[in-house]
$ cat entry_2.cif   # mmCIF, C-alpha atoms and all ligand atoms
data_model
loop_
_atom_site.label_atom_id
_atom_site.label_comp_id
_atom_site.auth_asym_id
_atom_site.auth_seq_id
_atom_site.Cartn_x
_atom_site.Cartn_y
_atom_site.Cartn_z
CA MET A 1255 -15.26 22.15 -17.23
CA THR A 1256 -11.80 23.45 -16.39
CA ARG A 1257 -10.47 24.86 -13.14
CA GLU A 1258 -7.91 27.58 -12.59
CA ILE A 1259 -5.18 26.49 -10.20
CA ARG A 1260 -2.33 28.83 -9.32
CA ARG A 1261 -0.85 27.02 -6.33
CA LEU A 1262 -1.21 23.36 -5.45
CA GLY A 1263 -0.26 21.43 -2.29
CA VAL A 1264 0.89 17.82 -2.24
CA LEU A 1265 1.29 15.52 0.76
CA THR A 1266 1.93 11.86 1.56
CA SER A 1267 -0.13 10.29 4.32
CA GLY A 1268 -0.51 6.96 6.13
CA GLY A 1269 2.01 4.13 5.82
CA ASP A 1270 4.79 5.02 3.41
CA ALA A 1271 5.26 2.97 0.25
CA PRO A 1272 8.09 2.63 -2.28
CA GLY A 1273 7.23 4.86 -5.23
CA MET A 1274 5.71 7.67 -3.19
CA ASN A 1275 8.74 9.79 -4.08
CA ALA A 1276 8.18 9.12 -7.76
CA ALA A 1277 4.56 10.24 -7.30
CA ILE A 1278 5.60 13.47 -5.53
CA ARG A 1279 8.08 14.14 -8.33
CA ALA A 1280 5.40 13.59 -10.97
CA VAL A 1281 2.91 15.89 -9.22
CA VAL A 1282 5.51 18.64 -8.78
CA ARG A 1283 6.76 18.43 -12.35
CA ALA A 1284 3.23 18.24 -13.77
CA CYS A 1285 2.49 21.45 -11.86
CA VAL A 1286 5.56 23.14 -13.33
CA HIS A 1287 4.56 21.87 -16.78
CA HIS A 1288 1.11 23.46 -16.42
CA GLY A 1289 2.37 26.74 -14.91
CA ILE A 1290 1.15 25.90 -11.37
CA LYS A 1291 3.31 26.63 -8.30
CA PRO A 1292 3.76 23.37 -6.32
CA TYR A 1293 3.96 23.28 -2.51
CA GLY A 1294 5.05 20.33 -0.42
CA ILE A 1295 3.25 19.69 2.87
CA ARG A 1296 5.47 17.75 5.26
CA GLU A 1297 4.30 14.86 7.48
CA GLY A 1298 0.89 14.48 5.87
CA TYR A 1299 -2.15 16.08 7.49
CA LYS A 1300 -0.10 16.67 10.64
CA GLY A 1301 2.07 19.08 8.67
CA LEU A 1302 -1.01 20.83 7.33
CA ILE A 1303 -2.12 21.41 10.92
CA ASP A 1304 1.37 22.51 11.99
CA GLY A 1305 1.76 24.76 8.94
CA GLN A 1306 4.70 22.84 7.42
CA ILE A 1307 4.11 24.04 3.86
CA GLU A 1308 7.08 24.74 1.60
CA PRO A 1309 7.44 25.80 -2.03
CA MET A 1310 8.88 23.16 -4.36
CA ASN A 1311 10.16 23.23 -7.90
CA ALA A 1312 11.33 20.83 -10.59
CA ARG A 1313 14.81 20.65 -9.03
CA SER A 1314 13.60 19.98 -5.47
CA VAL A 1315 12.42 16.56 -6.63
CA ALA A 1316 15.60 15.69 -8.53
CA ASN A 1317 17.07 12.20 -8.00
CA ILE A 1318 14.22 10.85 -5.90
CA VAL A 1319 12.49 8.67 -8.52
CA ASN A 1320 14.73 5.80 -7.37
CA GLN A 1321 14.39 6.32 -3.61
CA GLY A 1322 12.12 4.51 -1.16
CA GLY A 1323 10.25 6.28 1.64
CA THR A 1324 8.85 9.74 1.12
CA LEU A 1325 10.79 12.97 0.90
CA LEU A 1326 7.80 14.79 2.39
CA LYS A 1327 7.60 12.31 5.29
CA SER A 1328 4.33 10.73 6.33
CA ALA A 1329 2.15 10.40 9.42
CA ARG A 1330 -1.18 9.09 10.61
CA SER A 1331 -2.71 12.24 12.14
CA GLN A 1332 -5.20 11.81 14.97
CA ALA A 1333 -5.76 15.59 15.13
CA PHE A 1334 -6.98 15.69 11.51
CA ARG A 1335 -9.80 13.34 12.52
CA THR A 1336 -11.25 16.15 14.66
CA PRO A 1337 -13.19 19.17 13.28
CA GLU A 1338 -10.83 21.49 15.21
CA GLY A 1339 -7.79 19.90 13.61
CA ARG A 1340 -9.26 20.21 10.12
CA GLN A 1341 -10.23 23.85 10.82
CA THR A 1342 -6.59 24.66 11.69
CA ALA A 1343 -5.44 22.77 8.61
CA PHE A 1344 -7.84 24.81 6.48
CA GLU A 1345 -6.58 28.10 7.95
CA ASN A 1346 -2.97 27.13 7.11
CA PHE A 1347 -4.05 26.01 3.65
CA ARG A 1348 -5.67 29.39 3.05
CA SER A 1349 -2.71 31.36 4.51
CA ALA A 1350 -0.46 29.58 2.03
CA ASP A 1351 -2.96 30.66 -0.63
CA LEU A 1352 -3.28 27.14 -2.04
CA ASP A 1353 -6.10 26.31 -4.46
CA ALA A 1354 -6.05 22.50 -4.54
CA LEU A 1355 -4.53 19.45 -2.88
CA VAL A 1356 -3.14 16.11 -4.01
CA VAL A 1357 -3.11 13.40 -1.32
CA ILE A 1358 -0.89 10.36 -1.86
CA GLY A 1359 -1.90 7.60 0.54
CA GLY A 1360 -4.39 4.87 1.40
CA ASP A 1361 -8.11 4.81 2.12
CA GLY A 1362 -7.68 6.36 5.59
CA SER A 1363 -6.02 9.33 3.91
CA PHE A 1364 -8.89 9.57 1.42
CA THR A 1365 -11.40 9.62 4.27
CA GLY A 1366 -9.63 12.72 5.62
CA ALA A 1367 -9.52 14.21 2.13
CA THR A 1368 -13.28 13.71 1.66
CA LEU A 1369 -14.05 15.56 4.88
CA PHE A 1370 -11.63 18.36 4.02
CA GLU A 1371 -13.26 18.90 0.64
CA LYS A 1372 -16.79 18.64 2.04
CA GLU A 1373 -16.20 21.05 4.91
CA PHE A 1374 -14.11 23.70 3.16
CA GLY A 1375 -14.70 23.23 -0.55
CA ILE A 1376 -11.02 22.50 -1.25
CA PRO A 1377 -10.67 20.41 -4.42
CA VAL A 1378 -8.73 17.25 -3.57
CA VAL A 1379 -7.56 14.37 -5.75
CA GLY A 1380 -6.08 11.16 -4.31
CA VAL A 1381 -3.26 8.95 -5.55
CA PRO A 1382 -3.28 5.38 -4.15
CA GLY A 1383 -0.01 4.77 -2.31
CA THR A 1384 0.16 1.73 -0.05
CA ILE A 1385 1.92 -1.63 -0.21
CA ASP A 1386 -1.36 -3.38 0.69
CA ASN A 1387 -3.02 -3.07 -2.76
CA ASP A 1388 -6.34 -2.91 -0.92
CA ILE A 1389 -7.91 0.16 -2.55
CA PHE A 1390 -10.99 -0.18 -4.69
CA GLY A 1391 -10.79 1.53 -8.09
CA THR A 1392 -7.26 0.63 -9.05
CA ASP A 1393 -5.72 -2.65 -10.10
CA TYR A 1394 -2.45 -1.68 -8.42
CA THR A 1395 -1.44 0.69 -5.66
CA ILE A 1396 1.96 2.37 -5.61
CA GLY A 1397 4.41 0.30 -3.57
CA TYR A 1398 2.67 -3.04 -3.91
CA ASP A 1399 4.89 -4.40 -6.67
CA THR A 1400 8.07 -3.44 -4.81
CA ALA A 1401 6.75 -5.02 -1.61
CA LEU A 1402 6.00 -8.25 -3.51
CA ASN A 1403 9.56 -8.35 -4.81
CA THR A 1404 10.96 -7.67 -1.35
CA VAL A 1405 8.93 -10.54 0.09
CA VAL A 1406 9.95 -12.92 -2.67
CA GLU A 1407 13.62 -12.08 -2.19
CA ALA A 1408 13.38 -12.62 1.57
CA VAL A 1409 11.44 -15.86 1.29
CA ASP A 1410 13.89 -17.21 -1.30
CA LYS A 1411 16.58 -16.83 1.37
CA ILE A 1412 14.48 -18.52 4.02
CA ARG A 1413 13.76 -21.32 1.55
CA ASP A 1414 17.51 -22.07 1.42
CA THR A 1415 17.78 -22.64 5.15
CA ALA A 1416 14.40 -24.39 5.33
CA THR A 1417 15.65 -26.86 2.73
CA SER A 1418 18.99 -27.40 4.46
CA HIS A 1419 17.32 -28.22 7.78
CA ASN A 1420 14.16 -29.95 6.52
CA ARG A 1421 12.09 -27.35 8.30
CA LEU A 1422 8.64 -25.89 8.26
CA PHE A 1423 8.54 -22.08 8.23
CA PHE A 1424 5.63 -19.76 8.92
CA ILE A 1425 6.36 -16.40 7.32
CA GLU A 1426 4.09 -13.48 8.12
CA VAL A 1427 3.68 -10.64 5.64
CA MET A 1428 1.87 -7.32 5.82
CA GLY A 1429 -1.35 -6.32 4.08
CA ARG A 1430 -3.50 -5.10 6.95
CA ASP A 1431 -6.89 -6.84 6.37
CA ALA A 1432 -6.09 -7.91 2.82
CA GLY A 1433 -4.26 -10.93 1.45
CA PHE A 1434 -2.92 -9.52 -1.82
CA ILE A 1435 0.71 -9.49 -0.72
CA ALA A 1436 0.53 -12.99 0.76
CA LEU A 1437 -1.29 -14.54 -2.18
CA ASN A 1438 0.80 -13.10 -4.98
CA SER A 1439 4.20 -13.31 -3.30
CA GLY A 1440 3.22 -16.80 -2.12
CA ILE A 1441 2.80 -17.96 -5.69
CA GLY A 1442 5.98 -16.14 -6.67
CA CYS A 1443 8.09 -17.89 -4.06
CA GLY A 1444 6.43 -21.30 -4.34
CA ALA A 1445 4.86 -21.37 -0.88
CA GLU A 1446 3.33 -24.72 0.08
CA GLU A 1447 0.38 -22.95 1.72
CA ILE A 1448 -0.93 -19.40 1.70
CA LEU A 1449 -3.26 -18.21 4.45
CA ILE A 1450 -5.25 -15.07 3.68
CA PRO A 1451 -8.21 -13.42 5.40
CA GLU A 1452 -10.38 -13.53 2.26
CA ALA A 1453 -10.31 -17.35 2.11
CA ASP A 1454 -9.96 -18.77 5.59
CA ARG A 1455 -9.65 -22.54 5.07
CA GLY A 1456 -8.91 -23.30 8.71
CA ILE A 1457 -6.20 -25.22 10.54
CA ASP A 1458 -7.52 -28.62 9.40
CA HIS A 1459 -6.93 -27.68 5.79
CA LEU A 1460 -3.38 -26.63 6.65
CA ILE A 1461 -2.69 -29.89 8.48
CA LYS A 1462 -4.03 -31.97 5.60
CA SER A 1463 -1.94 -29.99 3.17
CA LEU A 1464 1.26 -30.48 5.19
CA GLU A 1465 0.58 -34.20 5.55
CA ARG A 1466 0.03 -34.40 1.80
CA SER A 1467 3.36 -32.61 1.26
CA ASP A 1468 5.04 -35.20 3.50
CA ARG A 1469 3.54 -38.03 1.51
CA ALA A 1470 4.63 -36.35 -1.71
CA GLY A 1471 8.22 -36.45 -0.49
CA LYS A 1472 8.68 -32.84 0.51
CA THR A 1473 11.12 -32.34 3.36
CA SER A 1474 10.54 -28.64 4.01
CA SER A 1475 7.62 -26.27 3.67
CA ILE A 1476 6.91 -22.56 3.57
CA VAL A 1477 3.55 -21.30 4.81
CA LEU A 1478 2.90 -17.68 3.95
CA VAL A 1479 0.59 -15.98 6.44
CA ALA A 1480 -1.19 -12.67 5.82
CA GLU A 1481 -1.08 -10.57 8.97
CA GLY A 1482 -4.85 -9.99 8.88
CA GLY A 1483 -5.72 -13.70 8.82
CA LYS A 1484 -8.31 -15.17 11.16
CA GLY A 1485 -6.06 -17.88 12.61
CA GLY A 1486 -3.93 -15.21 14.31
CA GLY A 1487 -0.41 -14.26 13.30
CA ALA A 1488 2.37 -16.62 12.26
CA PHE A 1489 3.52 -17.25 15.87
CA GLU A 1490 0.04 -18.23 16.99
CA LEU A 1491 -0.47 -20.49 14.00
CA ALA A 1492 2.86 -22.22 14.56
CA LYS A 1493 1.88 -22.88 18.17
CA THR A 1494 -1.53 -24.26 17.18
CA LEU A 1495 0.07 -26.49 14.57
CA GLU A 1496 2.75 -27.84 16.91
CA ALA A 1497 0.05 -28.70 19.44
CA ARG A 1498 -1.74 -30.76 16.79
CA LEU A 1499 1.37 -32.21 15.10
CA PRO A 1500 4.07 -32.53 17.79
CA ASP A 1501 6.55 -34.01 15.29
CA TYR A 1502 6.80 -30.65 13.55
CA GLU A 1503 9.22 -28.05 14.89
CA ALA A 1504 8.19 -24.87 13.14
CA ARG A 1505 10.21 -21.69 12.73
CA VAL A 1506 8.60 -18.28 12.39
CA THR A 1507 9.70 -15.14 10.57
CA VAL A 1508 7.72 -11.92 10.60
CA LEU A 1509 9.00 -9.84 7.70
CA GLY A 1510 7.56 -6.59 9.09
CA HIS A 1511 8.56 -3.12 7.93
CA ILE A 1512 11.28 -4.34 5.58
CA GLN A 1513 8.32 -4.65 3.17
CA ARG A 1514 7.73 -0.90 3.24
CA GLY A 1515 11.26 0.19 2.35
CA GLY A 1516 13.72 -0.11 -0.48
CA ARG A 1517 14.17 1.21 -3.98
CA PRO A 1518 10.89 1.16 -5.89
CA SER A 1519 10.58 -1.31 -8.75
CA CYS A 1520 10.35 0.04 -12.29
CA PHE A 1521 6.65 -0.90 -12.28
CA ASP A 1522 6.00 1.27 -9.23
CA ARG A 1523 8.02 4.18 -10.66
CA VAL A 1524 6.02 4.13 -13.88
CA LEU A 1525 2.69 3.73 -12.06
CA ALA A 1526 3.54 6.61 -9.69
CA SER A 1527 4.61 8.84 -12.58
CA ARG A 1528 1.41 8.15 -14.50
CA LEU A 1529 -0.83 8.73 -11.51
CA GLY A 1530 0.97 11.87 -10.32
CA VAL A 1531 0.61 13.47 -13.74
CA ALA A 1532 -3.02 12.30 -13.96
CA ALA A 1533 -3.85 13.80 -10.54
CA VAL A 1534 -2.85 17.31 -11.61
CA LYS A 1535 -4.63 16.93 -14.96
CA THR A 1536 -7.78 15.73 -13.18
CA LEU A 1537 -7.82 18.82 -10.95
CA LEU A 1538 -7.24 21.12 -13.92
CA GLU A 1539 -10.10 19.45 -15.78
CA GLY A 1540 -12.44 20.34 -12.93
CA SER A 1541 -12.85 16.98 -11.16
CA SER A 1542 -12.17 16.42 -7.49
CA SER A 1543 -13.06 14.14 -4.57
CA VAL A 1544 -11.79 11.31 -6.74
CA MET A 1545 -8.87 8.93 -6.73
CA VAL A 1546 -6.82 8.41 -9.87
CA GLY A 1547 -6.02 4.75 -10.40
CA VAL A 1548 -5.20 2.32 -13.16
CA ARG A 1549 -7.78 -0.17 -14.41
CA ASN A 1550 -7.04 -2.47 -17.33
CA ASN A 1551 -3.90 -0.42 -17.91
CA ALA A 1552 -5.80 2.85 -18.40
CA VAL A 1553 -6.02 5.74 -15.95
CA ALA A 1554 -9.44 5.66 -14.27
CA LEU A 1555 -11.18 7.94 -11.75
CA THR A 1556 -13.06 6.57 -8.74
CA PRO A 1557 -15.05 8.80 -6.36
CA PHE A 1558 -13.51 8.82 -2.88
CA ALA A 1559 -16.81 7.53 -1.44
CA GLU A 1560 -16.46 4.37 -3.53
CA ALA A 1561 -12.70 3.97 -3.07
CA ILE A 1562 -13.24 4.07 0.70
CA SER A 1563 -16.35 1.93 1.05
CA LYS A 1564 -15.68 -0.84 -1.47
CA HIS A 1565 -12.94 -3.46 -1.56
CA ASN A 1566 -11.13 -5.24 -4.35
CA ALA A 1567 -11.89 -8.94 -4.24
CA ILE A 1568 -9.09 -11.45 -4.26
CA ASP A 1569 -8.90 -13.44 -7.48
CA LYS A 1570 -9.95 -16.87 -6.19
CA ALA A 1571 -8.51 -18.48 -9.33
CA LEU A 1572 -5.08 -17.52 -7.99
CA LEU A 1573 -5.68 -19.64 -4.90
CA GLU A 1574 -6.38 -22.58 -7.15
CA VAL A 1575 -3.18 -21.85 -9.08
CA ALA A 1576 -1.28 -21.74 -5.77
CA ASP A 1577 -2.72 -25.13 -4.78
CA ILE A 1578 -1.87 -26.73 -8.10
CA VAL A 1579 1.68 -25.45 -8.46
CA SER A 1580 2.64 -26.34 -4.90
CA ILE A 1581 1.90 -30.10 -4.97
O1 LIG B 1601 -0.89 0.01 5.28
C1 LIG B 1601 0.46 -0.33 5.22
C2 LIG B 1601 0.87 -1.13 6.41
O2 LIG B 1601 2.25 -1.45 6.26
C3 LIG B 1601 0.06 -2.41 6.66
O3 LIG B 1601 0.42 -3.46 5.81
C4 LIG B 1601 0.35 -2.66 8.11
O4 LIG B 1601 -0.71 -3.38 8.70
C5 LIG B 1601 0.44 -1.27 8.68
O5 LIG B 1601 0.71 -0.40 7.59
C6 LIG B 1601 1.51 -1.08 9.72
O6 LIG B 1601 1.42 0.21 10.20
P1 LIG B 1601 2.51 0.91 11.11
O7 LIG B 1601 3.70 1.23 10.26
O8 LIG B 1601 1.85 2.12 11.62
O9 LIG B 1601 2.88 -0.08 12.18
#
$ encode --input "entry_2.cif" --output "structure tokens" --more "lines below"
Ligand code: F6P
Amino acid sequence: MTREIRRLGVLTSGGDAPGMNAAIRAVVRACVHHGIKPYGIREGYKGLIDGQIEPMNARSVANIVNQGGTLLKSARSQAFRTPEGRQTAFENFRSADLDALVVIGGDGSFTGATLFEKEFGIPVVGVPGTIDNDIFGTDYTIGYDTALNTVVEAVDKIRDTATSHNRLFFIEVMGRDAGFIALNSGIGCGAEEILIPEADRGIDHLIKSLERSDRAGKTSSIVLVAEGGKGGGAFELAKTLEARLPDYEARVTVLGHIQRGGRPSCFDRVLASRLGVAAVKTLLEGSSSVMVGVRNNAVALTPFAEAISKHNAIDKALLEVADIVSI
């Protein structure tokens, strides 16, 4: 089955991620390639409700493949969660005479997309853009690789001062409820311990591990903490630990939104380009209500319902690797 598309809208929604610009560029240029007129919707679903819909062309996405953030801006729209908000969005969509929509964002954005397609019959395809890497149906989300590199670079710097002062550092990274960023950057920067929500090993495990490090002759340690962990954030954990081991004077760094910015890595640029092109092709081939992702290095489609309801499991073998290489 094929679908005729004359005019296509593209938006970025939810937390921004490095590589979103490369994805917008790919969608816009794939449209031009296929003879479709591309339209950019600013500020995600909010812009759809406010009617911020502007024509784009191959030149309007020039020189953005290397830029972080999103040219179209992003938002988390409360109004789009309401039927009234979606009705207004639909009216603006129709006034702009658009035939289909590409949504670049996370699973919250795909939930909105599902409703929009169900209620108004608008064909929508999703592109996974979030640093969290927490979307089922793709091995990698756009922005994750860049965020990992940002974390590793920051922790390398903290490692220098931790070593100089024989200190213990708790470093908190993003990831919402998932530990992908913490686990993989933790291995990359040689963290002594990595605390993630998917494998809560408790404070006793952490204490034993630090004592073992002491005995092994280590004079400083880095504990990487995923923000969604059960033991609370890095500050809380440091307090709990100091109460149990008063000899330790821990320092805490919360890396925060630095992880969302910066020039996208080459990996993210390539991923975003592949998925942006695939999203337009998928719509033209007649599919919708699906996310385009990459599985085993091939483009793969996952129904929104699955992408939203299921979760990628952490590779437990990586935890074992982390334990072994940090002795
Ligand atoms: O989903 C991306 C993300 O950066 C999460 O890692 C984090 O929990 C959340 O967004 C932060 O959201 P906000 O920018 O709205 O504070």
$ closest_residue --input "entry_2.cif" --among "A:Ser1519, A:Asn1566, A:Thr1368, A:Asn1551" --to "Glu1452 of chain A" --atoms "all atoms listed in the file"
A:Asn1566
$ residues_near_ligand --input "entry_2.cif" --ligand "ligand LIG 1601 (chain B)" --cutoff "10 Å" --atoms "only C-alpha atoms and all ligand atoms" --output "PyMOL selection string"
chain A and resi 1268-1271+1329-1330+1359-1362+1383-1388+1397-1398+1401+1427-1433+1435+1480-1482+1510-1515
$ closest_residue --input "entry_2.cif" --among "A:Lys1411, A:Lys1327, A:Arg1313, A:Lys1493" --to "Ser1267 of chain A" --atoms "only C-alpha atoms"
A:Lys1327
$ closest_residue --input "entry_2.cif" --among "A:Pro1272, A:Pro1500, A:Gly1322, A:Gly1483" --to "Thr1400 of chain A" --atoms "all atoms listed in the file"
A:Pro1272
$ closest_residue --input "entry_2.cif" --among "A:Arg1421, A:Ala1276, A:Ile1450, A:Gly1305" --to "Ala1436 of chain A" --atoms "all atoms listed in the file"
A:Ile1450
$ closest_atom_pairs --input "entry_2.cif" --of "segment 1339-1382 of chain A" --to "segment 1541-1544 of chain A" --cutoff "7 Å" --atoms "all atoms listed in the file" --output "JSON lines"
{"residue": "A:Thr1368", "atom": "CA", "partner": "A:Ser1543", "partner_atom": "CA", "distance": 6.2}
{"residue": "A:Pro1377", "atom": "CA", "partner": "A:Ser1542", "partner_atom": "CA", "distance": 5.3}
{"residue": "A:Val1378", "atom": "CA", "partner": "A:Ser1542", "partner_atom": "CA", "distance": 5.3}
{"residue": "A:Val1379", "atom": "CA", "partner": "A:Val1544", "partner_atom": "CA", "distance": 5.3}
{"residue": "A:Gly1380", "atom": "CA", "partner": "A:Val1544", "partner_atom": "CA", "distance": 6.2}
$ closest_residue --input "entry_2.cif" --among "A:Gly1263, A:Gly1301, A:Gly1323, A:Pro1382" --to "Ala1350 of chain A" --atoms "all atoms listed in the file"
A:Gly1263
$ closest_residue --input "entry_2.cif" --among "A:Phe1434, A:Glu1258, A:Glu1447, A:Glu1373" --to "Leu1352 of chain A" --atoms "only C-alpha atoms"
A:Glu1258
$ residues_around --input "entry_2.cif" --residues "segment 1413-1417 of chain A" --least-positions-apart "5" --cutoff "8 Å" --atoms "all atoms listed in the file" --output "PyMOL selection string"
chain A and resi 1422-1423+1473-1476
$ atom_distance --input "entry_2.cif" --atom1 "atom CA of Lys1300 of chain A" --atom2 "atom CA of Ser1328 of chain A"
8.6 Å
$ atom_distance --input "entry_2.cif" --atom1 "atom CA of Arg1469 of chain A" --atom2 "atom CA of Ile1578 of chain A"
15.8 Å
$ axis_aligned_box --input "entry_2.cif" --around "segment 1493-1501 of chain A" --padding-each-side "8 Å" --output "JSON"
{"center_x": 2.4, "center_y": -28.4, "center_z": 17.0, "size_x": 24.3, "size_y": 27.1, "size_z": 20.9}
$ atom_distance --input "entry_2.cif" --atom1 "atom CA of Val1508 of chain A" --atom2 "atom CA of Glu1426 of chain A"
4.7 Å
$ residues_around --input "entry_2.cif" --residues "Thr1342 of chain A" --least-positions-apart "6" --cutoff "12 Å" --atoms "only C-alpha atoms" --output "PDB file with C-alpha atoms, in the coordinates of the input"
ATOM      1  CA  TYR A1299      -2.150  16.080   7.490  1.00  0.00           C
ATOM      2  CA  LYS A1300      -0.100  16.670  10.640  1.00  0.00           C
ATOM      3  CA  GLY A1301       2.070  19.080   8.670  1.00  0.00           C
ATOM      4  CA  LEU A1302      -1.010  20.830   7.330  1.00  0.00           C
ATOM      5  CA  ILE A1303      -2.120  21.410  10.920  1.00  0.00           C
ATOM      6  CA  ASP A1304       1.370  22.510  11.990  1.00  0.00           C
ATOM      7  CA  GLY A1305       1.760  24.760   8.940  1.00  0.00           C
ATOM      8  CA  ALA A1333      -5.760  15.590  15.130  1.00  0.00           C
ATOM      9  CA  PHE A1334      -6.980  15.690  11.510  1.00  0.00           C
ATOM     10  CA  ARG A1335      -9.800  13.340  12.520  1.00  0.00           C
ATOM     11  CA  THR A1336     -11.250  16.150  14.660  1.00  0.00           C
ATOM     12  CA  ARG A1348      -5.670  29.390   3.050  1.00  0.00           C
ATOM     13  CA  SER A1349      -2.710  31.360   4.510  1.00  0.00           C
ATOM     14  CA  PHE A1370     -11.630  18.360   4.020  1.00  0.00           C
ATOM     15  CA  PHE A1374     -14.110  23.700   3.160  1.00  0.00           C
TER      16      PHE A1374
END
$ residues_near_point --input "entry_2.cif" --point "(-2.1, 25.8, -21.2)" --cutoff "12 Å" --atoms "all atoms listed in the file" --output "PDB file with C-alpha atoms, in the frame of the given file"
ATOM      1  CA  THR A1256     -11.800  23.450 -16.390  1.00  0.00           C
ATOM      2  CA  ARG A1257     -10.470  24.860 -13.140  1.00  0.00           C
ATOM      3  CA  GLU A1258      -7.910  27.580 -12.590  1.00  0.00           C
ATOM      4  CA  ILE A1259      -5.180  26.490 -10.200  1.00  0.00           C
ATOM      5  CA  ALA A1284       3.230  18.240 -13.770  1.00  0.00           C
ATOM      6  CA  CYS A1285       2.490  21.450 -11.860  1.00  0.00           C
ATOM      7  CA  VAL A1286       5.560  23.140 -13.330  1.00  0.00           C
ATOM      8  CA  HIS A1287       4.560  21.870 -16.780  1.00  0.00           C
ATOM      9  CA  HIS A1288       1.110  23.460 -16.420  1.00  0.00           C
ATOM     10  CA  GLY A1289       2.370  26.740 -14.910  1.00  0.00           C
ATOM     11  CA  ILE A1290       1.150  25.900 -11.370  1.00  0.00           C
ATOM     12  CA  LYS A1535      -4.630  16.930 -14.960  1.00  0.00           C
ATOM     13  CA  LEU A1538      -7.240  21.120 -13.920  1.00  0.00           C
ATOM     14  CA  GLU A1539     -10.100  19.450 -15.780  1.00  0.00           C
TER      15      GLU A1539
END
$ residues_near_point --input "entry_2.cif" --point "(-3.9, -22.4, -3.7)" --cutoff "12 Å" --atoms "only C-alpha atoms" --output "PyMOL selection string"
chain A and resi 1436-1438+1440-1441+1444-1450+1453-1455+1459-1460+1463+1477-1478+1569-1581
$ decode --input "entry_2.cif" --residues "segment 1346-1357 of chain A" --atoms "N, CA, C and O atoms" --output "CSV table (one decimal), in the first residue's frame"
chain,number,residue,atom,x,y,z
A,1346,ASN,N,-6.1,23.3,13.5
A,1346,ASN,CA,-5.0,24.0,12.9
A,1346,ASN,C,-4.3,23.2,11.8
A,1346,ASN,O,-3.8,23.7,10.8
A,1347,PHE,N,-4.2,21.9,12.1
A,1347,PHE,CA,-3.6,20.9,11.2
A,1347,PHE,C,-4.3,20.9,9.9
A,1347,PHE,O,-3.7,21.0,8.8
A,1348,ARG,N,-5.6,20.9,10.0
A,1348,ARG,CA,-6.4,20.9,8.8
A,1348,ARG,C,-6.3,22.2,8.0
A,1348,ARG,O,-6.3,22.3,6.8
A,1349,SER,N,-6.4,23.4,8.8
A,1349,SER,CA,-6.3,24.7,8.1
A,1349,SER,C,-5.0,24.8,7.3
A,1349,SER,O,-4.9,25.5,6.3
A,1350,ALA,N,-3.9,24.2,7.9
A,1350,ALA,CA,-2.6,24.2,7.2
A,1350,ALA,C,-2.6,23.2,6.0
A,1350,ALA,O,-1.6,23.1,5.3
A,1351,ASP,N,-3.7,22.5,5.9
A,1351,ASP,CA,-3.9,21.5,4.8
A,1351,ASP,C,-2.8,20.4,4.9
A,1351,ASP,O,-2.3,20.0,3.8
A,1352,LEU,N,-2.4,20.0,6.1
A,1352,LEU,CA,-1.3,19.0,6.2
A,1352,LEU,C,-2.0,17.6,6.1
A,1352,LEU,O,-3.1,17.4,6.5
A,1353,ASP,N,-1.2,16.6,5.5
A,1353,ASP,CA,-1.7,15.3,5.3
A,1353,ASP,C,-1.2,14.3,6.4
A,1353,ASP,O,-1.7,13.2,6.6
A,1354,ALA,N,0.0,14.6,6.9
A,1354,ALA,CA,0.7,13.6,7.8
A,1354,ALA,C,1.6,14.3,8.7
A,1354,ALA,O,2.0,15.5,8.5
A,1355,LEU,N,2.0,13.6,9.8
A,1355,LEU,CA,2.8,14.2,10.8
A,1355,LEU,C,4.0,13.3,11.3
A,1355,LEU,O,3.8,12.1,11.4
A,1356,VAL,N,5.2,13.9,11.4
A,1356,VAL,CA,6.3,13.2,12.0
A,1356,VAL,C,6.6,13.8,13.4
A,1356,VAL,O,6.8,15.0,13.5
A,1357,VAL,N,6.6,13.0,14.4
A,1357,VAL,CA,6.8,13.5,15.8
A,1357,VAL,C,8.2,12.9,16.3
A,1357,VAL,O,8.4,11.7,16.3
